[in-house]
Protein chains: 2
Amino acid sequence: LAKVLYTQELKTIAIVGVGLIGGSIGLGLRAIGCAARRIGIGRRRESLDKALAYDAVDAVTLDPREGVHEADLVIVCTPIGAISEKFQQIAEHLPDGCLVTDVASTKVEVVALARKHLPSHVRFVGSHPIAGSEKTSVEYARADLFENAVCIVTPTPSSNPEAVESLTAFWRELGGHSRVLSPARHDHVMARISHLPHAVAGALVRLAEKGKSTDYAGTGFGDTTRVASGDPTLWRDIFASNRSAVLKAITMLRRELEAFEDALQNQDDKALVAWLEKAKNSRDAWLRKRYTQKEMGP
Amino acid sequence: LAKVLYTQELKTIAIVGVGLIGGSIGLGLRAIGCAARRIGIGRRRESLDKALAYDAVDAVTLDPREGVHEADLVIVCTPIGAISEKFQQIAEHLPDGCLVTDVASTKVEVVALARKHLPSHVRFVGSHPIAGSEKTSVEYARADLFENAVCIVTPTPSSNPEAVESLTAFWRELGGHSRVLSPARHDHVMARISHLPHAVAGALVRLAEKGKSTDYAGTGFGDTTRVASGDPTLWRDIFASNRSAVLKAITMLRRELEAFEDALQNQDDKALVAWLEKAKNSRDAWLRKRYTQKEMGP
């Protein structure tokens with residue numbers, strides 16, 4: 001078990017759910033010259049055929065056992081709402097010492113499900129590559145989807161260290177910036193940078209729709225609310241899976257908006273500019289850092 | 001006074017403030033073959049020289065009198081905070097019957113300032129082309145900036161009807177979708193689709209900065225918060241100029257978020273999906289409409 005498995009040494013990689021993320025992993029592995037056999041596992045023949053046609057995988061199967069029993073790495077790429085079921089389907093077929101990860105948007109719940117359902121002879125560590133869009137099917141998969149994307153790996157104190165190293169190396173090979181965070185910290189970070197922004201985008205659209213204000217909306221509104229086009233069922237599952245961190249983030253947002261509101265209400269121009277300046281400076285610093293990362297490469 | 005002046009008939013157009021918007025008007029006029037002399041008026045020789053170099057105007061001057069005294073159309077393209085001063089500078093030099101408009105982000109205050117400062121022998125109607133970005137200087141000006149942009153013209157009951165028609169035709173000629181709204185309705189619409197989204201983007205950045213969550217942020221966060229990079233002083237003026245409508249919009253946002261929060265807190269999956277679905281449907285409808293408009297042309 002105490003072995004780091006680097007991506008180029010992998011022989012068989014099982015991708016459970018070959019959509020945008022699973023498909024992009026498959027294409028990315030091919031692009032970096034990984035010789036591993038890529039097996040796509042799915043529930044619908046039609047989706048699997050499409051994944052094959054796009055060369056996202058080398059072989060496909062509807063049978064979880066057939067798909068994973070020879071794998072040295074299994075990546076579960078289904079949305080958070082389907083993770084529990086997938087873990088249960090593959091659990092008894094996983095070979096000894098096999099690396100297992102997922103790409104779901106929350107991690108505390110996933111880690112608990114892995115502990116509950118997966119056998120102790122496999123090495124599970126959660127992952128979350130922060131890449132993708134509101135498009136979710138394999139047609140949109142790209143070999144460079146993870147290029148410069150932050151890819152978070154979320155070990156617990158009981159995780160196998162070599163598995164953690166194998167997975168951080170894996171995302172790095174695909175072009176990502178690998179980072180290690182605890183599952184709980186990951187979920188709080190995501191509540192702030194992804195889940196709350198999604199809820200806020202939704203609230204802005206719902207509000208703008210009143211009195212048909214959207215008829216006048218331009219590109220700024222379009223950018224600010226783009227994520228609100230995400231799949232409602234998928235997002236319900238994400239919110240449900242990260243309930244307490246999202247509720248906490250909403251409370252924090254309320255406080256930020258109250259400070260803004262007070263400054264505006266009291267005609268306190270100085271406080272208003274200071275509030276806006278802090279936001280601008282943070283946003284600009286984020287953008288500069290991002291560009292620097294891109295120039296430096298992964 | 002009772003004459004509609006179509007863009008191709010204009011002889012002299014004065015652009016007060018040749019930045020992104022003023023420069024794009026100049027370039028756009030050239031692109032549609034308008035033969036009018038385009039005069040740029042500014043406060044700094046350097047900016048005016050740049051506007052000339054980019055061919056955004058045909059002539060420039062630091063002297064408001066020299067700039068406007070022969071104009072049949074004057075467009076004040078300074079931010080809301082400088083409008084009052086500009087109106088006062090040009091007021092006594094405007095020729096009889098001259099059309100005057102502006103492009104500022106709020107309209108109730110601008111219309112009041114026009115009534116206060118501009119002589120009754122000119123025909124003022126406010127405009128707001130919803131185009132542009134967080135970049136504000138003439139280097140970013142583009143002849144097609146108004147292509148498919150909603151351009152709102154905001155007459156009052158006392159506005160000259162031919163002036164309203166002249167200005168809606170003007171923005172249409174530049175490629176925009178001209179719409180007519182009252183100043184008050186305009187300001188409420190803008191509070192919902194632009195001013196509140198700006199404040200919310202700022203709040204999200206400020207919150208994400210806590211605990212360095214931005215280190216992990218991806219393109220979704222980038223889109224949602226892009227507008228927060230706008231100039232703080234400019235935005236303070238916009239917020240101050242539209243205080244009551246923005247405060248009302250914040251209250252409405254709070255209500256939308258509370259409905260979301262309740263559904264999440266109470267684990268009411270059905271209400272949560274319904275909330276998200278309404279947002280997605282509105283966002284998708286907005287996008288479809290926008291694309292249709294683009295295909296149909298202005």
# chains A, B, ... in the order shown; residues from 1 in each chain; ligands from 1
$ interface_residues --of "chain B" --to "chain A" --cutoff "7 Å" --atoms "only C-alpha atoms" --output "JSON, numbers by chain"
{"B": [130, 131, 149, 150, 189, 192, 193, 194, 197, 202, 203, 204, 205, 206, 207, 208, 209, 213, 214, 216, 217, 218, 220, 221, 223, 224, 225, 227, 228, 229, 230, 232, 233, 236, 240, 243, 247, 252, 253, 256, 257, 261, 264, 269, 272, 273, 276, 277, 278, 279, 280, 282, 283, 284, 286]}
$ residues_around --residues "Val103 (chain A)" --least-positions-apart "6" --cutoff "9 Å" --atoms "only C-alpha atoms" --output "ChimeraX atom specification"
/A:21-22,75-80,126-130
$ select_by_dssp --residues "region 19-239 of chain A" --states "strand (DSSP E or B)" --output "number ranges by chain"
A: 37-41, 59-61, 73-76, 99-102, 123-124, 126-129, 150-154, 177-180
$ residues_around --residues "region 1-18 of chain A" --least-positions-apart "3" --cutoff "7 Å" --atoms "only C-alpha atoms" --output "count of residues only"
31
